[in-house]
Structure formats: C-alpha cells, structure tokens
>>> print(open('model.cif').read())   # mmCIF, C-alpha atoms
data_final
loop_
_atom_site.label_atom_id
_atom_site.label_comp_id
_atom_site.auth_asym_id
_atom_site.auth_seq_id
_atom_site.Cartn_x
_atom_site.Cartn_y
_atom_site.Cartn_z
CA MET Z 1270 131.83 90.42 121.92
CA LYS Z 1271 132.06 88.99 125.43
CA ILE Z 1272 128.56 90.11 126.42
CA SER Z 1273 126.99 89.01 123.14
CA LYS Z 1274 128.67 85.63 123.34
CA LYS Z 1275 127.47 85.15 126.88
CA ILE Z 1276 123.88 85.96 125.88
CA ILE Z 1277 123.89 83.49 122.98
CA ASP Z 1278 125.61 80.81 125.08
CA ASN Z 1279 122.93 81.14 127.74
CA LEU Z 1280 120.08 81.12 125.24
CA LYS Z 1281 121.50 77.94 123.71
CA LYS Z 1282 121.92 76.45 127.17
CA GLY Z 1283 118.26 77.22 127.71
CA GLY Z 1284 117.40 75.18 124.62
CA VAL Z 1285 116.82 77.97 122.10
CA ASP Z 1286 117.67 76.64 118.64
CA PHE Z 1287 115.86 78.94 116.19
CA TYR Z 1288 116.74 82.63 115.91
CA LEU Z 1289 115.36 85.57 113.97
CA SER Z 1290 116.34 89.18 114.14
CA VAL Z 1291 115.26 92.57 113.05
CA PRO Z 1292 118.63 94.28 113.28
CA CYS Z 1293 119.80 96.79 115.87
CA LYS Z 1294 123.39 97.96 116.22
CA LEU Z 1295 123.36 96.60 119.77
CA LEU Z 1296 122.47 93.17 118.37
CA ALA Z 1297 125.12 93.25 115.61
CA ASN Z 1298 127.64 91.06 117.46
CA MET Z 1299 125.01 88.45 118.28
CA ILE Z 1300 123.94 88.36 114.64
CA ASP Z 1301 127.59 87.82 113.63
CA ILE Z 1302 127.88 84.94 116.09
CA LEU Z 1303 124.65 83.31 114.93
CA GLU Z 1304 125.46 83.63 111.25
CA LYS Z 1305 128.56 81.50 111.83
CA ASP Z 1306 126.83 78.97 114.10
CA ASN Z 1307 125.82 75.80 112.26
CA ASP Z 1308 124.08 74.26 115.28
CA VAL Z 1309 121.10 76.63 115.19
CA TYR Z 1310 118.88 78.26 112.58
CA TYR Z 1311 119.28 81.99 112.06
CA SER Z 1312 117.70 84.47 109.67
CA ALA Z 1313 116.99 88.17 109.50
CA VAL Z 1314 113.36 89.17 108.95
CA PRO Z 1315 112.02 92.50 107.71
CA ARG Z 1316 109.46 93.10 110.47
CA GLU Z 1317 108.90 91.91 114.02
CA GLU Z 1318 105.21 91.01 113.65
CA GLU Z 1319 106.07 88.67 110.81
CA GLY Z 1320 108.81 87.23 112.99
CA MET Z 1321 106.22 86.38 115.65
CA GLY Z 1322 104.39 84.35 112.99
CA ILE Z 1323 107.55 82.53 111.89
CA CYS Z 1324 108.38 81.79 115.53
CA ALA Z 1325 104.87 80.37 116.03
CA GLY Z 1326 105.39 78.03 113.08
CA ALA Z 1327 108.82 77.03 114.33
CA TYR Z 1328 107.32 76.14 117.70
CA LEU Z 1329 104.65 74.02 116.00
CA GLY Z 1330 107.53 72.23 114.24
CA ASN Z 1331 109.28 71.52 117.57
CA LYS Z 1332 111.85 74.29 117.62
CA PHE Z 1333 112.37 76.66 120.53
CA PRO Z 1334 112.43 80.10 118.89
CA CYS Z 1335 113.86 83.47 119.82
CA ILE Z 1336 113.32 86.78 118.09
CA MET Z 1337 115.90 89.49 118.62
CA MET Z 1338 114.77 93.05 118.14
CA GLN Z 1339 114.72 96.56 119.54
CA ASN Z 1340 112.05 97.41 122.09
CA THR Z 1341 110.30 99.31 119.30
CA GLY Z 1342 109.50 95.90 117.82
CA ILE Z 1343 107.17 95.10 120.70
CA GLY Z 1344 105.02 97.98 119.53
CA ASN Z 1345 104.88 96.45 116.06
CA SER Z 1346 103.81 93.07 117.39
CA VAL Z 1347 101.15 93.43 120.07
CA ASN Z 1348 98.28 91.74 118.22
CA ALA Z 1349 100.46 88.86 117.03
CA ILE Z 1350 101.70 88.31 120.59
CA VAL Z 1351 98.20 88.26 122.07
CA SER Z 1352 96.13 86.56 119.37
CA LEU Z 1353 98.76 84.05 118.25
CA LEU Z 1354 101.56 83.34 120.76
CA GLN Z 1355 99.46 83.77 123.89
CA LEU Z 1356 96.19 82.44 122.49
CA TYR Z 1357 97.86 79.13 121.56
CA GLN Z 1358 100.32 79.28 124.51
CA MET Z 1359 103.52 79.22 122.52
CA PRO Z 1360 106.90 79.68 124.19
CA VAL Z 1361 109.04 82.25 122.38
CA VAL Z 1362 111.96 84.25 123.77
CA PHE Z 1363 112.08 87.95 122.93
CA LEU Z 1364 115.67 89.16 123.19
CA ILE Z 1365 115.29 92.91 123.27
CA SER Z 1366 117.91 95.63 122.92
CA TYR Z 1367 116.51 98.23 125.26
CA ARG Z 1368 117.01 101.41 123.29
CA GLY Z 1369 116.31 104.70 125.02
CA THR Z 1370 117.72 103.61 128.38
CA PRO Z 1371 120.55 105.68 130.00
CA GLY Z 1372 123.57 105.96 127.71
CA GLU Z 1373 121.36 106.15 124.61
CA PRO Z 1374 122.49 109.02 122.38
CA VAL Z 1375 119.32 109.18 120.27
CA GLY Z 1376 116.70 111.19 122.11
CA ALA Z 1377 113.84 109.95 119.98
CA GLN Z 1378 114.34 106.42 121.34
CA GLY Z 1379 113.18 107.64 124.74
CA GLY Z 1380 109.51 107.50 123.84
CA MET Z 1381 109.23 103.74 123.37
CA ALA Z 1382 111.65 103.17 126.26
CA LYS Z 1383 109.25 104.91 128.64
CA ILE Z 1384 106.38 102.55 127.81
CA THR Z 1385 108.16 99.30 126.94
CA GLU Z 1386 107.88 97.69 130.38
CA ASP Z 1387 104.31 98.95 130.78
CA ILE Z 1388 103.34 97.25 127.53
CA LEU Z 1389 105.03 93.99 128.54
CA GLN Z 1390 103.36 94.18 131.95
CA THR Z 1391 99.96 94.81 130.39
CA LEU Z 1392 100.55 91.78 128.18
CA ARG Z 1393 101.52 89.75 131.30
CA ILE Z 1394 104.80 88.76 129.70
CA PRO Z 1395 107.46 87.66 132.21
CA MET Z 1396 110.48 89.98 132.03
CA LEU Z 1397 114.18 89.60 132.76
CA HIS Z 1398 115.92 92.96 132.90
CA CYS Z 1399 119.66 92.71 132.26
CA SER Z 1400 121.66 95.77 133.28
CA SER Z 1401 124.95 94.11 134.32
CA GLU Z 1402 127.03 91.17 133.16
CA ASN Z 1403 125.95 89.11 136.19
CA ASP Z 1404 122.33 89.28 135.08
CA LEU Z 1405 123.19 87.35 131.93
CA GLU Z 1406 123.64 84.13 133.92
CA LYS Z 1407 119.87 84.11 134.51
CA ILE Z 1408 119.06 83.90 130.80
CA SER Z 1409 119.22 80.11 130.45
CA THR Z 1410 116.86 79.41 133.36
CA PHE Z 1411 114.58 82.21 132.26
CA SER Z 1412 114.41 80.79 128.73
CA LYS Z 1413 113.50 77.35 130.07
CA HIS Z 1414 110.79 79.03 132.10
CA ALA Z 1415 109.10 80.10 128.84
CA LYS Z 1416 108.66 76.43 127.93
CA VAL Z 1417 107.42 75.47 131.38
CA VAL Z 1418 104.73 78.16 131.47
CA GLU Z 1419 104.08 77.94 127.68
CA SER Z 1420 104.35 81.67 127.23
CA PRO Z 1421 106.45 84.23 125.45
CA VAL Z 1422 109.04 85.84 127.75
CA ALA Z 1423 111.06 89.03 127.32
CA ILE Z 1424 114.74 89.64 128.06
CA LEU Z 1425 115.59 93.34 128.12
CA CYS Z 1426 119.26 94.29 127.62
CA ASP Z 1427 120.10 97.85 128.63
CA PHE Z 1428 121.90 100.21 126.28
CA ASN Z 1429 124.90 100.64 128.60
CA LEU Z 1430 125.34 96.88 129.01
CA MET Z 1431 125.55 96.38 125.25
CA LYS Z 1432 127.19 99.53 123.93
CA ASP Z 1433 130.85 98.72 124.64
CA ASP Z 1434 130.70 95.04 123.74
CA LYS Z 1435 133.52 95.28 121.20
CA MET Y 851 84.00 79.60 91.77
CA ASN Y 852 84.21 81.09 95.26
CA ARG Y 853 86.46 80.18 98.18
CA PHE Y 854 84.15 77.49 99.54
CA ASP Y 855 84.03 75.78 96.11
CA LEU Y 856 87.80 75.97 95.82
CA LEU Y 857 88.44 74.55 99.30
CA ASN Y 858 86.06 71.70 98.43
CA LYS Y 859 87.99 71.03 95.24
CA ILE Y 860 91.40 70.89 96.93
CA GLN Y 861 90.40 69.16 100.19
CA ASN Y 862 91.86 65.82 99.12
CA ILE Y 863 95.25 67.46 98.59
CA LEU Y 864 95.07 69.39 101.85
CA LYS Y 865 94.25 66.41 104.02
CA ASP Y 866 97.64 64.77 103.33
CA ASN Y 867 99.70 67.84 104.21
CA LEU Y 868 100.31 70.23 107.07
CA VAL Y 869 97.98 73.17 106.50
CA ILE Y 870 98.03 76.60 108.10
CA CYS Y 871 94.67 78.21 107.39
CA ASN Y 872 93.88 81.90 107.43
CA ILE Y 873 91.69 83.46 110.12
CA GLY Y 874 87.95 83.92 109.65
CA LEU Y 875 85.86 82.42 106.90
CA PRO Y 876 88.68 80.43 105.23
CA SER Y 877 89.24 78.46 108.44
CA GLN Y 878 85.53 78.16 109.19
CA GLU Y 879 84.80 76.89 105.68
CA LEU Y 880 87.68 74.42 105.77
CA TYR Y 881 86.54 73.17 109.17
CA LYS Y 882 83.03 72.61 107.83
CA ILE Y 883 84.21 70.85 104.66
CA ASN Y 884 86.54 68.32 106.25
CA ASP Y 885 88.10 68.96 109.65
CA GLN Y 886 91.52 67.32 110.11
CA PRO Y 887 94.05 67.34 112.96
CA ASN Y 888 96.75 68.46 110.54
CA PHE Y 889 94.87 71.69 109.85
CA PHE Y 890 96.00 74.61 112.02
CA TYR Y 891 93.14 77.09 112.14
CA MET Y 892 94.12 80.67 112.88
CA LEU Y 893 91.81 82.33 115.37
CA GLY Y 894 93.68 85.64 115.34
CA SER Y 895 96.77 87.41 113.95
CA MET Y 896 95.43 88.30 110.49
CA GLY Y 897 98.21 88.41 107.93
CA LEU Y 898 100.46 85.78 109.47
CA SER Y 899 99.36 82.53 107.78
CA SER Y 900 102.20 82.80 105.27
CA SER Y 901 104.71 83.46 108.06
CA ILE Y 902 103.50 80.66 110.38
CA GLY Y 903 103.74 78.20 107.50
CA LEU Y 904 107.23 79.43 106.66
CA GLY Y 905 108.43 78.87 110.24
CA LEU Y 906 106.86 75.42 110.25
CA SER Y 907 108.45 74.41 106.94
CA LEU Y 908 111.86 75.55 108.19
CA SER Y 909 111.50 73.41 111.32
CA GLN Y 910 110.49 69.99 110.03
CA ASN Y 911 110.39 68.03 106.76
CA LYS Y 912 106.71 67.44 106.02
CA ASN Y 913 105.06 69.46 103.26
CA VAL Y 914 103.41 72.67 104.44
CA ILE Y 915 100.65 74.58 102.67
CA SER Y 916 99.82 78.06 103.96
CA ILE Y 917 96.35 79.10 102.86
CA ASP Y 918 96.25 82.87 102.74
CA GLY Y 919 94.05 85.54 101.22
CA ASP Y 920 94.71 88.64 99.16
CA GLY Y 921 93.67 90.96 102.00
CA SER Y 922 95.93 89.13 104.45
CA VAL Y 923 98.94 89.11 102.15
CA LEU Y 924 98.49 92.83 101.56
CA MET Y 925 98.68 93.25 105.34
CA ASN Y 926 102.00 91.39 105.68
CA MET Y 927 103.59 91.87 102.27
CA ASN Y 928 107.14 91.99 103.66
CA THR Y 929 106.93 88.27 104.32
CA LEU Y 930 106.98 87.64 100.56
CA ALA Y 931 110.57 88.89 100.66
CA THR Y 932 111.38 86.48 103.49
CA ILE Y 933 109.75 83.67 101.50
CA GLY Y 934 111.64 84.74 98.37
CA ASN Y 935 114.93 84.40 100.23
CA ARG Y 936 114.36 81.67 102.81
CA ALA Y 937 111.49 79.32 101.88
CA PRO Y 938 112.56 75.65 101.80
CA SER Y 939 111.28 73.23 99.19
CA ASN Y 940 108.54 71.81 101.45
CA TYR Y 941 106.75 75.16 101.52
CA THR Y 942 103.80 76.22 99.39
CA LEU Y 943 101.92 79.47 99.81
CA LEU Y 944 98.41 79.32 98.36
CA ILE Y 945 96.92 82.79 98.08
CA ILE Y 946 93.18 82.60 97.47
CA ASP Y 947 92.73 85.90 95.67
CA ASN Y 948 89.08 86.86 95.43
CA GLY Y 949 89.77 90.59 95.35
CA SER Y 950 87.83 91.17 98.54
CA TYR Y 951 87.95 91.14 102.33
CA GLY Y 952 85.58 88.18 102.56
CA SER Y 953 85.34 87.85 106.33
CA THR Y 954 84.44 91.48 106.88
CA GLY Y 955 81.71 91.91 104.28
CA ASP Y 956 83.41 91.60 100.92
CA GLN Y 957 84.91 95.08 100.69
CA ARG Y 958 87.19 95.32 97.64
CA THR Y 959 90.95 94.90 98.11
CA PHE Y 960 93.65 96.52 95.97
CA THR Y 961 94.08 93.29 94.01
CA ASP Y 962 90.69 94.16 92.53
CA GLU Y 963 92.24 97.44 91.37
CA ASN Y 964 95.88 97.92 90.37
CA THR Y 965 97.87 95.48 92.51
CA SER Y 966 99.19 92.17 91.18
CA LEU Y 967 100.35 89.82 93.93
CA LYS Y 968 102.06 87.75 91.25
CA ASP Y 969 104.24 90.71 90.30
CA VAL Y 970 104.85 91.54 93.96
CA ALA Y 971 105.90 87.95 94.74
CA ILE Y 972 108.25 87.83 91.74
CA GLY Y 973 109.70 91.19 92.69
CA ALA Y 974 110.19 89.95 96.24
CA GLY Y 975 112.36 87.12 94.95
CA CYS Y 976 109.91 84.19 94.98
CA LYS Y 977 111.00 81.68 92.32
CA ASN Y 978 108.01 79.58 91.33
CA VAL Y 979 105.08 81.95 91.20
CA VAL Y 980 101.95 80.61 89.53
CA GLU Y 981 98.82 82.65 88.93
CA CYS Y 982 95.89 80.47 87.91
CA SER Y 983 92.12 80.06 87.90
CA GLY Y 984 90.26 78.17 90.60
CA ASP Y 985 89.94 75.16 88.30
CA GLU Y 986 93.67 75.10 87.58
CA THR Y 987 94.56 75.23 91.28
CA VAL Y 988 94.37 71.46 91.80
CA ASN Y 989 97.07 70.87 89.18
CA ALA Y 990 99.19 73.75 90.43
CA LEU Y 991 99.05 72.46 94.01
CA ASN Y 992 99.85 68.89 92.98
CA LYS Y 993 102.83 70.10 91.00
CA ALA Y 994 104.07 72.15 93.94
CA ILE Y 995 103.81 69.20 96.33
CA ASP Y 996 105.40 66.72 93.92
CA ASP Y 997 108.36 69.02 93.31
CA LYS Y 998 110.79 68.14 96.09
CA ASP Y 999 113.34 70.78 95.08
CA ASN Y 1000 111.37 74.02 95.03
CA SER Y 1001 108.96 76.13 97.06
CA TYR Y 1002 105.93 77.64 95.33
CA VAL Y 1003 103.63 80.62 95.53
CA ILE Y 1004 100.25 79.95 93.92
CA ILE Y 1005 97.78 82.76 93.40
CA SER Y 1006 94.36 81.34 92.75
CA LYS Y 1007 92.06 83.93 91.18
CA ILE Y 1008 88.45 83.25 92.13
CA ASN Y 1009 85.21 85.12 92.70
CA SER Y 1010 84.27 86.72 96.00
CA GLY Y 1011 81.38 85.36 98.03
CA ASN Y 1012 80.96 83.34 101.18
CA VAL Y 1013 78.67 80.68 102.61
CA LYS Y 1014 76.78 81.12 105.87
CA ILE Y 1015 78.86 79.46 108.55
CA ASP Y 1016 79.51 79.22 112.30
CA PRO Y 1017 82.72 80.05 114.20
CA ILE Y 1018 85.09 77.13 114.83
CA PRO Y 1019 83.98 75.38 118.04
CA ILE Y 1020 87.35 73.87 119.08
CA ASN Y 1021 89.64 75.79 121.40
CA PRO Y 1022 93.13 77.00 120.47
CA ILE Y 1023 95.06 74.57 122.70
CA THR Y 1024 93.21 71.64 121.16
CA ILE Y 1025 94.03 72.96 117.69
CA ARG Y 1026 97.66 73.31 118.74
CA ASP Y 1027 98.08 69.96 120.43
CA ARG Y 1028 96.35 67.75 117.91
CA PHE Y 1029 98.38 69.47 115.17
CA ARG Y 1030 101.64 68.79 117.04
CA LYS Y 1031 100.50 65.25 117.75
CA PHE Y 1032 100.04 64.70 114.00
CA ILE Y 1033 103.66 65.80 113.46
CA GLY Y 1034 104.74 63.43 116.21
CA ILE Y 1035 105.69 65.92 118.91
CA VAL Y 1036 102.85 65.68 121.44
CA LYS Y 1037 102.54 62.25 123.01
CA TYR Y 1038 99.90 62.79 125.68
CA LEU Y 1039 96.73 62.99 123.59
#
>>> encode(input="model.cif", output="structure tokens")
Amino acid sequence: MKISKKIIDNLKKGGVDFYLSVPCKLLANMIDILEKDNDVYYSAVPREEEGMGICAGAYLGNKFPCIMMQNTGIGNSVNAIVSLLQLYQMPVVFLISYRGTPGEPVGAQGGMAKITEDILQTLRIPMLHCSSENDLEKISTFSKHAKVVESPVAILCDFNLMKDDK
Amino acid sequence: MNRFDLLNKIQNILKDNLVICNIGLPSQELYKINDQPNFFYMLGSMGLSSSIGLGLSLSQNKNVISIDGDGSVLMNMNTLATIGNRAPSNYTLLIIDNGSYGSTGDQRTFTDENTSLKDVAIGAGCKNVVECSGDETVNALNKAIDDKDNSYVIISKINSGNVKIDPIPINPITIRDRFRKFIGIVKYL
C-alpha cells in the first residue's frame, strides 16, 4: 500500500484531480485508495481508448486527468492519443503498470513489454520510468510538466516495484 | 430528412449548449450551418464523441450534447456501458442514425441490418433512451435539456445522404481554446 499511496499522493501534488482506470492487479491498491477519496473523481472504464476520450473531455472542462492502465492499453489507444490528445495538445497523465518487465510471471506479457517504450518514443510522449521507490518522488514534477508542455506524458511502474505493495 | 437537414433543424438548440461534434461530415456540416465557439469539432479519433462529451459533462455543470453517428457508436460501443453507469444529468448523447458510414461513401452499417442501438443502450444500462424520427428530434432534445435530473440517449433515425462540403478551415488549437474560453477557462483570447 505504501508504494501505491506514494504514487497517488504525488499525482495529487502534481494537480491531477480526475482518474480513470482499466484495472490491473498491480493497480488494485491505487484503485482502492481512489475509490475512498472524495477530493478527486474516479471511475473504472471498460477500454483505454474510450478513456482517452473521457480524459480529453475532462481536460476541456478544466480537470487534470490521469488514466491508469497496463502497458497493453497503449496499444489500444494509439490513434486516440495522436489524433485527439496530441492534435489538440491536451495534458493527460498515463499511469502505466509495466507488465512483462522482470519479475512478471506471465510470459505472454513479454510481447507488449518489449515494444512499449518504442511505441511511446515513436509517439514522442515524455516518459518517467519508475523502478525504485525513490523514483516516485519525481511523479509530481513530471505530472506538472504535462501541463506546461500541453502533452500527454507516461509514467511506467515496473512489475517488481509494484508486486509486493501489500 | 438527412443529417444536414437535421442539424439545420436543431441548430438553435445546439447553439446554447456545449456540443462535441463527430469527425468528418457531421462537423463540416455543422460548421457550415452555424459555426459557434461552443462547438468542439473532432478532427480525428472516430468513435470518441460520446466519450469526450461524457468527460466534459463530468467536469463542469453546463449542458453537454455529444453528436455521434451510428458507425461511430458501433466503433466504441463499450462507452454506452460507461454512460449507463456514470453519465450525469447534464449529459445528452444524440446519435444521428442514418444506417450508413456517411463520411466514407455511405456504406451500410449494421444498424441498417439487425442491430438496434436503442436496445444496446438500454442493455448497457442507459436510463432515458429515446428512439425517434428526425422531425421528433427537436422535442426530444428540448426535453433532455430541460430535465435537470436525468441524462439522455437520443437515437434520431434519418435517411443517409450528404451535402457537398469543404473540410473545416480552423486549426485544432483554435477549436480547443475558443471552446475553453466559452466555458470560462481560457482568459488570453
């Protein structure tokens, strides 16, 4: 819970006040925290691409949105990222559980893991890679950066960082 | 009645509300009929008009109308479930259902065969689902806007067919900023 709490605290410190998620077991603690938090909006959504649309609308309405998802969700969302969030220069934080990184027990997750950073790089999306607890301190500044550059940004949280967050 | 006729008919309702308008001909036709700063024209991301409008209605109190099409809703049908569970009372989804992919040459969609978006929306948990003719759409929209306690999904069944029209000449950042200025967020324009 310590890691998840730290992530949410830093996102909130960065101004993020609107959260969506497509669940992942590594995100479960964060979802629990957000469901009990009356200061921010939280909802689950069925699919990441749709979440990009809801985040775009939330930004138009003066919220600072974050969508939490597995790295697989980036694959589901490429057109929405490029032809909506980037076309209109909308700041949105992607909080990504980085499945398929070392420690991952499910071999099939390795495929998307291999290309996740390449996709984000191709999309020119600024990335913050969190592999240790110290990295989490950077999340608030990095989130604010999304607003400054009017762009989506991606925070990648490694499997091993999240897996023991009881 | 085709989409252009319908948009003409409802323009006086649209101009007083925040409108998210579907990519392609719907946006181009609306722009030609009566361009307004409170109209957000989609220039990409087919399928997401319903979702953008939902996010907007959850974030501020003004009424929001998402103008969507049957082809676009079929592309992002999961969002009907999100709407059915999360839409606030200031949200109206207007699906202009002409049974065809208008912007790409009027190929038939599945709503012209076996699929009923009304049944899908009800099954997805949407509460006030109205299927009506083009002529009845004005009343349905007015009712949805006047009702301060409920969100609505209106499926307006019209004929296919488009008018000859140019792409929207304003750039995306202008669309974004004048829209946010209308809401009262952007001060620098």
>>> closest_residue(input="model.cif", among="Y:Leu898, Y:Val970, Y:Val914, Y:Ala990", to="Gly1320 in chain Z", atoms="all atoms listed in the file")
Y:Leu898
>>> resolve_selection(input="model.cif", expression="the PyMOL selection byres ((chain Y and resi 933-938) around 8)", output="number ranges by chain")
Y: 904, 907-908, 929-932, 939-941, 971, 974-977, 1000-1001
>>> write_last_selection(input="model.cif", atoms="C-alpha atoms", output="PDB file, in the frame of the given file")
ATOM      1  CA  LEU Y 904     107.230  79.430 106.660  1.00  0.00           C
ATOM      2  CA  SER Y 907     108.450  74.410 106.940  1.00  0.00           C
ATOM      3  CA  LEU Y 908     111.860  75.550 108.190  1.00  0.00           C
ATOM      4  CA  THR Y 929     106.930  88.270 104.320  1.00  0.00           C
ATOM      5  CA  LEU Y 930     106.980  87.640 100.560  1.00  0.00           C
ATOM      6  CA  ALA Y 931     110.570  88.890 100.660  1.00  0.00           C
ATOM      7  CA  THR Y 932     111.380  86.480 103.490  1.00  0.00           C
ATOM      8  CA  SER Y 939     111.280  73.230  99.190  1.00  0.00           C
ATOM      9  CA  ASN Y 940     108.540  71.810 101.450  1.00  0.00           C
ATOM     10  CA  TYR Y 941     106.750  75.160 101.520  1.00  0.00           C
ATOM     11  CA  ALA Y 971     105.900  87.950  94.740  1.00  0.00           C
ATOM     12  CA  ALA Y 974     110.190  89.950  96.240  1.00  0.00           C
ATOM     13  CA  GLY Y 975     112.360  87.120  94.950  1.00  0.00           C
ATOM     14  CA  CYS Y 976     109.910  84.190  94.980  1.00  0.00           C
ATOM     15  CA  LYS Y 977     111.000  81.680  92.320  1.00  0.00           C
ATOM     16  CA  ASN Y1000     111.370  74.020  95.030  1.00  0.00           C
ATOM     17  CA  SER Y1001     108.960  76.130  97.060  1.00  0.00           C
TER      18      SER Y1001
END
>>> closest_atom_pairs(input="model.cif", of="chain Y", to="chain Z", cutoff="8 Å", atoms="only C-alpha atoms", output="JSON lines")
{"residue": "Y:Met892", "atom": "CA", "partner": "Z:Leu1353", "partner_atom": "CA", "distance": 7.9}
{"residue": "Y:Leu893", "atom": "CA", "partner": "Z:Ser1352", "partner_atom": "CA", "distance": 7.2}
{"residue": "Y:Gly894", "atom": "CA", "partner": "Z:Ser1352", "partner_atom": "CA", "distance": 4.8}
{"residue": "Y:Ser895", "atom": "CA", "partner": "Z:Ala1349", "partner_atom": "CA", "distance": 5.0}
{"residue": "Y:Leu898", "atom": "CA", "partner": "Z:Gly1322", "partner_atom": "CA", "distance": 5.5}
{"residue": "Y:Ser899", "atom": "CA", "partner": "Z:Gly1322", "partner_atom": "CA", "distance": 7.5}
{"residue": "Y:Ser901", "atom": "CA", "partner": "Z:Ile1323", "partner_atom": "CA", "distance": 4.9}
{"residue": "Y:Ile902", "atom": "CA", "partner": "Z:Gly1326", "partner_atom": "CA", "distance": 4.2}
{"residue": "Y:Gly903", "atom": "CA", "partner": "Z:Gly1326", "partner_atom": "CA", "distance": 5.8}
{"residue": "Y:Leu904", "atom": "CA", "partner": "Z:Ile1323", "partner_atom": "CA", "distance": 6.1}
{"residue": "Y:Gly905", "atom": "CA", "partner": "Z:Ile1323", "partner_atom": "CA", "distance": 4.1}
{"residue": "Y:Leu906", "atom": "CA", "partner": "Z:Gly1326", "partner_atom": "CA", "distance": 4.1}
{"residue": "Y:Ser907", "atom": "CA", "partner": "Z:Gly1330", "partner_atom": "CA", "distance": 7.7}
{"residue": "Y:Leu908", "atom": "CA", "partner": "Z:Ala1327", "partner_atom": "CA", "distance": 7.0}
{"residue": "Y:Ser909", "atom": "CA", "partner": "Z:Gly1330", "partner_atom": "CA", "distance": 5.1}
{"residue": "Y:Gln910", "atom": "CA", "partner": "Z:Gly1330", "partner_atom": "CA", "distance": 5.6}
{"residue": "Y:Asn926", "atom": "CA", "partner": "Z:Glu1319", "partner_atom": "CA", "distance": 7.1}
{"residue": "Y:Asn928", "atom": "CA", "partner": "Z:Pro1315", "partner_atom": "CA", "distance": 6.4}
{"residue": "Y:Thr929", "atom": "CA", "partner": "Z:Glu1319", "partner_atom": "CA", "distance": 6.6}
{"residue": "Y:Thr932", "atom": "CA", "partner": "Z:Val1314", "partner_atom": "CA", "distance": 6.4}
{"residue": "Y:Pro1022", "atom": "CA", "partner": "Z:Tyr1357", "partner_atom": "CA", "distance": 5.3}
{"residue": "Y:Ile1023", "atom": "CA", "partner": "Z:Tyr1357", "partner_atom": "CA", "distance": 5.5}
{"residue": "Y:Arg1026", "atom": "CA", "partner": "Z:Tyr1357", "partner_atom": "CA", "distance": 6.5}
{"residue": "Y:Phe1029", "atom": "CA", "partner": "Z:Leu1329", "partner_atom": "CA", "distance": 7.8}
{"residue": "Y:Arg1030", "atom": "CA", "partner": "Z:Leu1329", "partner_atom": "CA", "distance": 6.1}
{"residue": "Y:Ile1033", "atom": "CA", "partner": "Z:Gly1330", "partner_atom": "CA", "distance": 7.5}
{"residue": "Y:Ile1035", "atom": "CA", "partner": "Z:Asn1331", "partner_atom": "CA", "distance": 6.8}
>>> atom_distance(input="model.cif", atom1="CA of Leu1295 in chain Z", atom2="CA of Leu1405 in chain Z")
15.3 Å
>>> resolve_selection(input="model.cif", expression="the PyMOL selection byres ((chain Z and resi 1283) around 6)", output="PyMOL selection string")
chain Z and resi 1280-1282+1284-1285+1409+1412-1413
>>> atom_distance(input="model.cif", atom1="CA of Ile1008 in chain Y", atom2="CA of Ala994 in chain Y")
19.2 Å
>>> closest_residue(input="model.cif", among="Z:Tyr1367, Z:Lys1383, Z:Asn1403, Z:Ala1423", to="Ile1336 in chain Z", atoms="all atoms listed in the file")
Z:Ala1423
>>> residues_around(input="model.cif", residues="Pro1395 in chain Z", least_positions_apart="2", cutoff="8 Å", atoms="all atoms listed in the file", output="ChimeraX atom specification")
/Z:1389-1390,1393,1397,1421-1423
>>> residues_around(input="model.cif", residues="range 854-861 of chain Y", least_positions_apart="2", cutoff="12 Å", atoms="all atoms listed in the file", output="VMD selection string")
chain Y and resid 851 to 852 863 to 867 869 871 875 to 886 889 915 917 to 918 944 to 948 952 983 to 992 1006 to 1015
>>> residues_around(input="model.cif", residues="Leu1039 in chain Y", least_positions_apart="2", cutoff="10 Å", atoms="only C-alpha atoms", output="list in words")
Thr1024, Asp1027, Arg1028, Lys1031, Val1036 and Lys1037 of chain Y
>>> residues_near_point(input="model.cif", point="(124.1, 100.7, 129.1)", cutoff="12 Å", atoms="only C-alpha atoms", output="PyMOL selection string")
chain Z and resi 1272+1295+1366-1374+1398-1402+1425-1434
>>> closest_residue(input="model.cif", among="Y:Glu963, Y:Asp969, Y:Glu981, Y:Asp920", to="Ile1005 in chain Y", atoms="only C-alpha atoms")
Y:Glu981
>>> closest_residue(input="model.cif", among="Z:Glu1419, Z:Met1299, Z:Cys1293, Z:Val1361", to="Ile1277 in chain Z", atoms="all atoms listed in the file")
Z:Met1299
>>> closest_residue(input="model.cif", among="Y:Lys912, Y:Gln957, Y:Val980, Y:Leu943", to="Gly1034 in chain Y", atoms="only C-alpha atoms")
Y:Lys912
